[in-house]
Amino acid sequence: MREKARNRTEEKRWEKPPAVSSAVRSCLEEDCRQEILRRAAREKEISDEGLYAVIDQVLAETAKERYLSLADRGPLRQRLFDAFRRLDILQELLEDETITEIMVNGHRDIFVERGGRVFRWERGFENRQKLEDVIQQIVARVNRVVNESAPIVDARLPDGSRVNVVLPPVALGGPALTIRKFSQAPVTMEQLIGWNSIGSQPAAFLKTLVQARYNIFISGGTGSGKTTFLNALSQFIPDNERVITIEDSAELRLVEQPDLIRMETRTGSTDTAISIRQLIRCSLRMNPDRIIVGEVRGEEALDMLQAMNTGHDGSLSTGHANSPSDMLMRLATMVLMGAELPLAAINAQIASAIDILVHLGKLRDGSRKVLSIMEVGSNEGGTIRLNPIYEFAETGVDEQGQIRGEWRRQKNGLTNVHKLALAGLPDLL
């Protein structure tokens with residue numbers, strides 16, 4: 001009898017502990033989080049190493065009182081650290097380089113874009129408060145404010161990723177958070193060629209135009225890759241030039257430009273807000289060789305065109321539009337928002353300021369490509385003439401469903417070669 005009892009005791013000792021349910025695991029994690037918060041609050045400032053030490057101490061004590069396997073302890077340790085110093089459960093998505101966009105529709109529903117397609121993520125925030133804590137952490141880093149009285153804000157992450165936040169009562173289903181991710185290293189034109197986003201010949205053509213100080217405007221729909229392409233194009237600017245970048249949220253990274261000033265708008269009341277229009281006017285007094293405006297959306301278009309027309313050749317900018325002709329009409333509309341001018345005068349200003357219009361698009365397979373490169377010609381009869389230089393033509397679809405095509409040089413060559421001659425560069429006719 002004693003032998004049987006001993007055997008039962010040994011079996012019980014080596015018996016595998018029961019599986020921990022997700023509800024119990026969630027409760028355990030929250031208890032650990034509260035205890036870490038209580039202990040960390042004793043310190044005015046705590047380093048990452050110090051926070052990890054507190055987490056390890058709490059987990060070690062928890063493991064003595066409640067079942068916590070070594071396999072669970074490692075991931076829990078990182079999740080707790082992410083909750084305090086990073087973006088909680090979103091950190092995993094931010095570190096996944098295959099994901100290009102993160103869309104949070106309330107604390108339960110999270111969607112991601114990968115390879116141009118949108119998928120629902122299986123995880124979500126435990127409650128609305130945790131999502132709101134992450135949002136406040138993001139906007140505080142860039143000195144922005146978002147609350148019920150000011151429920152909409154644009155911000156950015158330290159890596160340059162673009163962030164948009166909409167809170168209730170505007171967002172009826174709970175806080176909405178959208179993150180447009182950017183790669184850790186700036187995308188180069190060589191990479192875009194490798195991804196078949198642009199051909200080598202049109203890329204070389206644009207490189208020469210940038211070096212010759214042509215004013216280039218990039219258009220395209222939402223998510224077509226305008227900012228990425230603008231950043232790649234900016235890498236062709238000679239490093240002996242003084243460049244000023246102006247953006248709503250600083251995303252451009254001209255890492256090899258030594259004489260660079262980056263400026264960012266500021267939201268707030270009428271007295272404290274600083275707009276793109278104010279920054280463009282300020283930049284004109286800073287002796288720039290080139291001005292790069294991340295995106296024009298309103299009346300600042302007039303100031304950008306005037307800068308291009310007053311000795312700041314080689315300037316670059318982007319705007320939303322479905323086609324090159326739509327972009328010209330939108331620019332005219334934006335100028336009208338800032339000044340009451342005759343449409344003929346506005347079109348003449350656009351035709352004189354912008355030399356080249358590059359249009360991008362997101363195709364049905366999710367890929368982003370340069371669809372056309374147009375020369376902006378003269379203003380004839382109230383209409384700006386566009387001269388196609390390169391156009392993308394589909395040639396088929398491969399076995400993976402990816403669209404194939406080629407960039408075809410059009411019959412009409414570049415007519416405005418004056419800047420090429422001034423720069424001592426070859427004629428691109």
# chains A, B, ... in the order shown; residues from 1 in each chain; ligands from 1
$ residues_around --residues "region 393-402 of chain A" --least-positions-apart "2" --cutoff "12 Å" --atoms "only C-alpha atoms" --output "ChimeraX atom specification"
/A:115-116,195-199,363-372,390-391,404-410
$ residues_around --residues "Lys411 (chain A)" --least-positions-apart "6" --cutoff "10 Å" --atoms "only C-alpha atoms" --output "ChimeraX atom specification"
/A:387-390,429
$ select_by_dssp --residues "region 140-354 of chain A" --states "strand (DSSP E)" --output "ChimeraX atom specification"
/A:152-156,162-166,176-180,216-220,243-247,260-264,290-293,316-320
$ atom_distance --atom1 "CA of Met308 (chain A)" --atom2 "CA of Ile291 (chain A)"
8.3 Å
$ residues_around --residues "Leu254 (chain A)" --least-positions-apart "6" --cutoff "9 Å" --atoms "only C-alpha atoms" --output "list in words"
Pro186, Asn231, Ala232, Ser234, Gln235 and Leu260 of chain A
$ atom_distance --atom1 "CA of Gly338 (chain A)" --atom2 "CA of Val142 (chain A)"
28.2 Å
$ closest_residue --among "A:Ala301, A:Phe125, A:Ile99, A:Arg39" --to "Arg180 (chain A)" --atoms "only C-alpha atoms"
A:Ile99
$ select_by_dssp --residues "region 338-412 of chain A" --states "helix (DSSP H, G or I)" --output "list of chain:residue names"
A:Gly338, A:Leu343, A:Ala344, A:Ala345, A:Ile346, A:Asn347, A:Ala348, A:Gln349, A:Ile350, A:Ala351, A:Ser352, A:Ala353
$ write_last_selection --atoms "N, CA, C and O atoms" --output "mmCIF file, in the first residue's frame"
data_model
loop_
_atom_site.group_PDB
_atom_site.id
_atom_site.type_symbol
_atom_site.label_atom_id
_atom_site.label_comp_id
_atom_site.auth_asym_id
_atom_site.auth_seq_id
_atom_site.Cartn_x
_atom_site.Cartn_y
_atom_site.Cartn_z
ATOM 1 N N GLY A 338 -6.342 80.242 -52.001
ATOM 2 C CA GLY A 338 -5.463 81.210 -51.361
ATOM 3 C C GLY A 338 -5.476 82.582 -51.982
ATOM 4 O O GLY A 338 -4.972 83.537 -51.380
ATOM 5 N N LEU A 343 -8.468 82.334 -63.743
ATOM 6 C CA LEU A 343 -8.007 80.981 -64.000
ATOM 7 C C LEU A 343 -6.876 80.967 -65.022
ATOM 8 O O LEU A 343 -5.933 80.167 -64.904
ATOM 9 N N ALA A 344 -6.940 81.845 -66.009
ATOM 10 C CA ALA A 344 -5.879 81.914 -67.022
ATOM 11 C C ALA A 344 -4.547 82.274 -66.383
ATOM 12 O O ALA A 344 -3.496 81.721 -66.739
ATOM 13 N N ALA A 345 -4.566 83.187 -65.406
ATOM 14 C CA ALA A 345 -3.333 83.581 -64.725
ATOM 15 C C ALA A 345 -2.794 82.428 -63.870
ATOM 16 O O ALA A 345 -1.576 82.219 -63.783
ATOM 17 N N ILE A 346 -3.705 81.690 -63.258
ATOM 18 C CA ILE A 346 -3.282 80.546 -62.433
ATOM 19 C C ILE A 346 -2.636 79.479 -63.306
ATOM 20 O O ILE A 346 -1.573 78.931 -62.976
ATOM 21 N N ASN A 347 -3.281 79.149 -64.426
ATOM 22 C CA ASN A 347 -2.715 78.134 -65.323
ATOM 23 C C ASN A 347 -1.361 78.572 -65.872
ATOM 24 O O ASN A 347 -0.452 77.749 -66.048
ATOM 25 N N ALA A 348 -1.215 79.859 -66.149
ATOM 26 C CA ALA A 348 0.072 80.365 -66.626
ATOM 27 C C ALA A 348 1.139 80.198 -65.544
ATOM 28 O O ALA A 348 2.297 79.856 -65.844
ATOM 29 N N GLN A 349 0.746 80.418 -64.295
ATOM 30 C CA GLN A 349 1.674 80.248 -63.180
ATOM 31 C C GLN A 349 2.096 78.794 -63.039
ATOM 32 O O GLN A 349 3.269 78.480 -62.833
ATOM 33 N N ILE A 350 1.126 77.861 -63.164
ATOM 34 C CA ILE A 350 1.427 76.423 -63.049
ATOM 35 C C ILE A 350 2.356 75.985 -64.177
ATOM 36 O O ILE A 350 3.348 75.278 -63.959
ATOM 37 N N ALA A 351 2.025 76.405 -65.408
ATOM 38 C CA ALA A 351 2.827 76.012 -66.571
ATOM 39 C C ALA A 351 4.244 76.546 -66.484
ATOM 40 O O ALA A 351 5.199 75.892 -66.923
ATOM 41 N N SER A 352 4.396 77.725 -65.897
ATOM 42 C CA SER A 352 5.721 78.326 -65.776
ATOM 43 C C SER A 352 6.528 77.694 -64.646
ATOM 44 O O SER A 352 7.751 77.590 -64.738
ATOM 45 N N ALA A 353 5.853 77.254 -63.579
ATOM 46 C CA ALA A 353 6.559 76.758 -62.397
ATOM 47 C C ALA A 353 6.967 75.297 -62.512
ATOM 48 O O ALA A 353 8.098 74.931 -62.178
#
$ residues_around --residues "Ala307 (chain A)" --least-positions-apart "5" --cutoff "9 Å" --atoms "only C-alpha atoms" --output "PDB file with N, CA, C and O atoms, in the first residue's frame"
ATOM      1  N   ILE A 280       6.692  77.729 -45.939  1.00  0.00           N
ATOM      2  CA  ILE A 280       7.229  78.015 -47.273  1.00  0.00           C
ATOM      3  C   ILE A 280       7.722  79.458 -47.344  1.00  0.00           C
ATOM      4  O   ILE A 280       8.824  79.740 -47.834  1.00  0.00           O
ATOM      5  N   ARG A 281       6.932  80.375 -46.810  1.00  0.00           N
ATOM      6  CA  ARG A 281       7.331  81.788 -46.828  1.00  0.00           C
ATOM      7  C   ARG A 281       8.598  81.992 -45.997  1.00  0.00           C
ATOM      8  O   ARG A 281       9.485  82.768 -46.376  1.00  0.00           O
ATOM      9  N   LEU A 284      11.900  80.904 -47.788  1.00  0.00           N
ATOM     10  CA  LEU A 284      12.437  81.792 -48.822  1.00  0.00           C
ATOM     11  C   LEU A 284      13.481  82.753 -48.268  1.00  0.00           C
ATOM     12  O   LEU A 284      14.293  83.296 -49.018  1.00  0.00           O
ATOM     13  N   ILE A 291      13.630  73.711 -52.496  1.00  0.00           N
ATOM     14  CA  ILE A 291      12.609  73.544 -51.470  1.00  0.00           C
ATOM     15  C   ILE A 291      11.809  72.288 -51.815  1.00  0.00           C
ATOM     16  O   ILE A 291      11.361  72.128 -52.955  1.00  0.00           O
ATOM     17  N   LEU A 302      -0.158  77.980 -53.888  1.00  0.00           N
ATOM     18  CA  LEU A 302       0.240  79.254 -54.498  1.00  0.00           C
ATOM     19  C   LEU A 302       1.654  79.623 -54.090  1.00  0.00           C
ATOM     20  O   LEU A 302       2.469  80.030 -54.929  1.00  0.00           O
ATOM     21  N   HIS A 312      14.153  79.237 -57.280  1.00  0.00           N
ATOM     22  CA  HIS A 312      14.409  78.002 -56.531  1.00  0.00           C
ATOM     23  C   HIS A 312      14.164  76.792 -57.430  1.00  0.00           C
ATOM     24  O   HIS A 312      13.367  75.903 -57.123  1.00  0.00           O
ATOM     25  N   ASP A 313      14.855  76.780 -58.559  1.00  0.00           N
ATOM     26  CA  ASP A 313      14.736  75.671 -59.506  1.00  0.00           C
ATOM     27  C   ASP A 313      15.196  74.365 -58.848  1.00  0.00           C
ATOM     28  O   ASP A 313      16.073  74.363 -57.989  1.00  0.00           O
ATOM     29  N   SER A 315      13.030  72.366 -57.292  1.00  0.00           N
ATOM     30  CA  SER A 315      12.164  72.067 -56.160  1.00  0.00           C
ATOM     31  C   SER A 315      11.234  70.901 -56.494  1.00  0.00           C
ATOM     32  O   SER A 315      10.935  70.627 -57.665  1.00  0.00           O
ATOM     33  N   ALA A 353       5.853  77.254 -63.579  1.00  0.00           N
ATOM     34  CA  ALA A 353       6.559  76.758 -62.397  1.00  0.00           C
ATOM     35  C   ALA A 353       6.967  75.297 -62.512  1.00  0.00           C
ATOM     36  O   ALA A 353       8.098  74.931 -62.178  1.00  0.00           O
TER      37      ALA A 353
END
$ closest_residue --among "A:Phe229, A:Val210, A:Ala332, A:Gln78" --to "Ile193 (chain A)" --atoms "only C-alpha atoms"
A:Phe229
$ residues_around --residues "Arg144 (chain A)" --least-positions-apart "5" --cutoff "8 Å" --atoms "only C-alpha atoms" --output "list in words"
Val139, Val153, Ala155, Arg266 and Thr267 of chain A
$ closest_residue --among "A:Ile292, A:Asp355, A:Arg114, A:Asn322" --to "Asn309 (chain A)" --atoms "only C-alpha atoms"
A:Asp355
$ closest_residue --among "A:Leu414, A:Ala212, A:Val170, A:Val134" --to "Ala150 (chain A)" --atoms "only C-alpha atoms"
A:Val170
$ residues_around --residues "Arg213 (chain A)" --least-positions-apart "5" --cutoff "9 Å" --atoms "only C-alpha atoms" --output "list in words"
Thr208, Ile237, Arg290, His312, Asp313, Gly314, Ser315, Lys419, Leu420 and Ala423 of chain A
$ write_last_selection --atoms "C-alpha atoms" --output "JSON list (two decimals), in the first residue's frame"
[["chain", "number", "residue", "atom", "x", "y", "z"],
["A", 208, "THR", "CA", 19.37, 63.81, -65.09],
["A", 237, "ILE", "CA", 20.23, 66.12, -55.44],
["A", 290, "ARG", "CA", 15.86, 73.80, -53.40],
["A", 312, "HIS", "CA", 14.41, 78.00, -56.53],
["A", 313, "ASP", "CA", 14.74, 75.67, -59.51],
["A", 314, "GLY", "CA", 14.94, 71.97, -58.75],
["A", 315, "SER", "CA", 12.16, 72.07, -56.16],
["A", 419, "LYS", "CA", 18.08, 73.81, -68.02],
["A", 420, "LEU", "CA", 20.02, 70.86, -69.42],
["A", 423, "ALA", "CA", 23.80, 72.40, -66.25]]
$ closest_residue --among "A:Ile356, A:Leu233, A:Leu93, A:Leu305" --to "Val335 (chain A)" --atoms "only C-alpha atoms"
A:Leu305
$ closest_atom_pairs --of "region 186-295 of chain A" --to "region 159-162 of chain A" --cutoff "10 Å" --atoms "only C-alpha atoms" --output "JSON lines"
{"residue": "A:Asp248", "atom": "CA", "partner": "A:Arg162", "partner_atom": "CA", "distance": 9.9}
{"residue": "A:Ser249", "atom": "CA", "partner": "A:Arg162", "partner_atom": "CA", "distance": 7.1}
{"residue": "A:Ala250", "atom": "CA", "partner": "A:Gly160", "partner_atom": "CA", "distance": 6.6}
{"residue": "A:Glu251", "atom": "CA", "partner": "A:Gly160", "partner_atom": "CA", "distance": 4.8}
{"residue": "A:Leu252", "atom": "CA", "partner": "A:Gly160", "partner_atom": "CA", "distance": 7.6}
{"residue": "A:Arg253", "atom": "CA", "partner": "A:Gly160", "partner_atom": "CA", "distance": 8.3}
$ write_last_selection --atoms "N, CA, C and O atoms" --output "mmCIF file, in the first residue's frame"
data_model
loop_
_atom_site.group_PDB
_atom_site.id
_atom_site.type_symbol
_atom_site.label_atom_id
_atom_site.label_comp_id
_atom_site.auth_asym_id
_atom_site.auth_seq_id
_atom_site.Cartn_x
_atom_site.Cartn_y
_atom_site.Cartn_z
ATOM 1 N N ASP A 248 3.876 68.204 -43.289
ATOM 2 C CA ASP A 248 2.917 68.142 -42.190
ATOM 3 C C ASP A 248 3.468 67.260 -41.072
ATOM 4 O O ASP A 248 3.414 67.617 -39.905
ATOM 5 N N SER A 249 3.928 66.068 -41.455
ATOM 6 C CA SER A 249 4.612 65.162 -40.526
ATOM 7 C C SER A 249 5.914 64.753 -41.183
ATOM 8 O O SER A 249 5.901 64.253 -42.322
ATOM 9 N N ALA A 250 7.018 64.979 -40.513
ATOM 10 C CA ALA A 250 8.334 64.760 -41.122
ATOM 11 C C ALA A 250 8.538 63.293 -41.470
ATOM 12 O O ALA A 250 8.630 62.447 -40.589
ATOM 13 N N GLU A 251 8.577 62.998 -42.765
ATOM 14 C CA GLU A 251 8.739 61.631 -43.247
ATOM 15 C C GLU A 251 9.958 61.471 -44.155
ATOM 16 O O GLU A 251 10.535 60.399 -44.244
ATOM 17 N N LEU A 252 10.322 62.544 -44.846
ATOM 18 C CA LEU A 252 11.445 62.462 -45.783
ATOM 19 C C LEU A 252 12.758 62.284 -45.029
ATOM 20 O O LEU A 252 12.946 62.843 -43.944
ATOM 21 N N ARG A 253 13.650 61.497 -45.633
ATOM 22 C CA ARG A 253 14.961 61.271 -45.012
ATOM 23 C C ARG A 253 16.043 61.399 -46.073
ATOM 24 O O ARG A 253 16.325 60.459 -46.804
#
$ closest_residue --among "A:Gly377, A:Pro342, A:Gly424, A:Gly220" --to "Pro324 (chain A)" --atoms "only C-alpha atoms"
A:Gly220
$ atom_distance --atom1 "CA of Val165 (chain A)" --atom2 "CA of Thr178 (chain A)"
6.6 Å
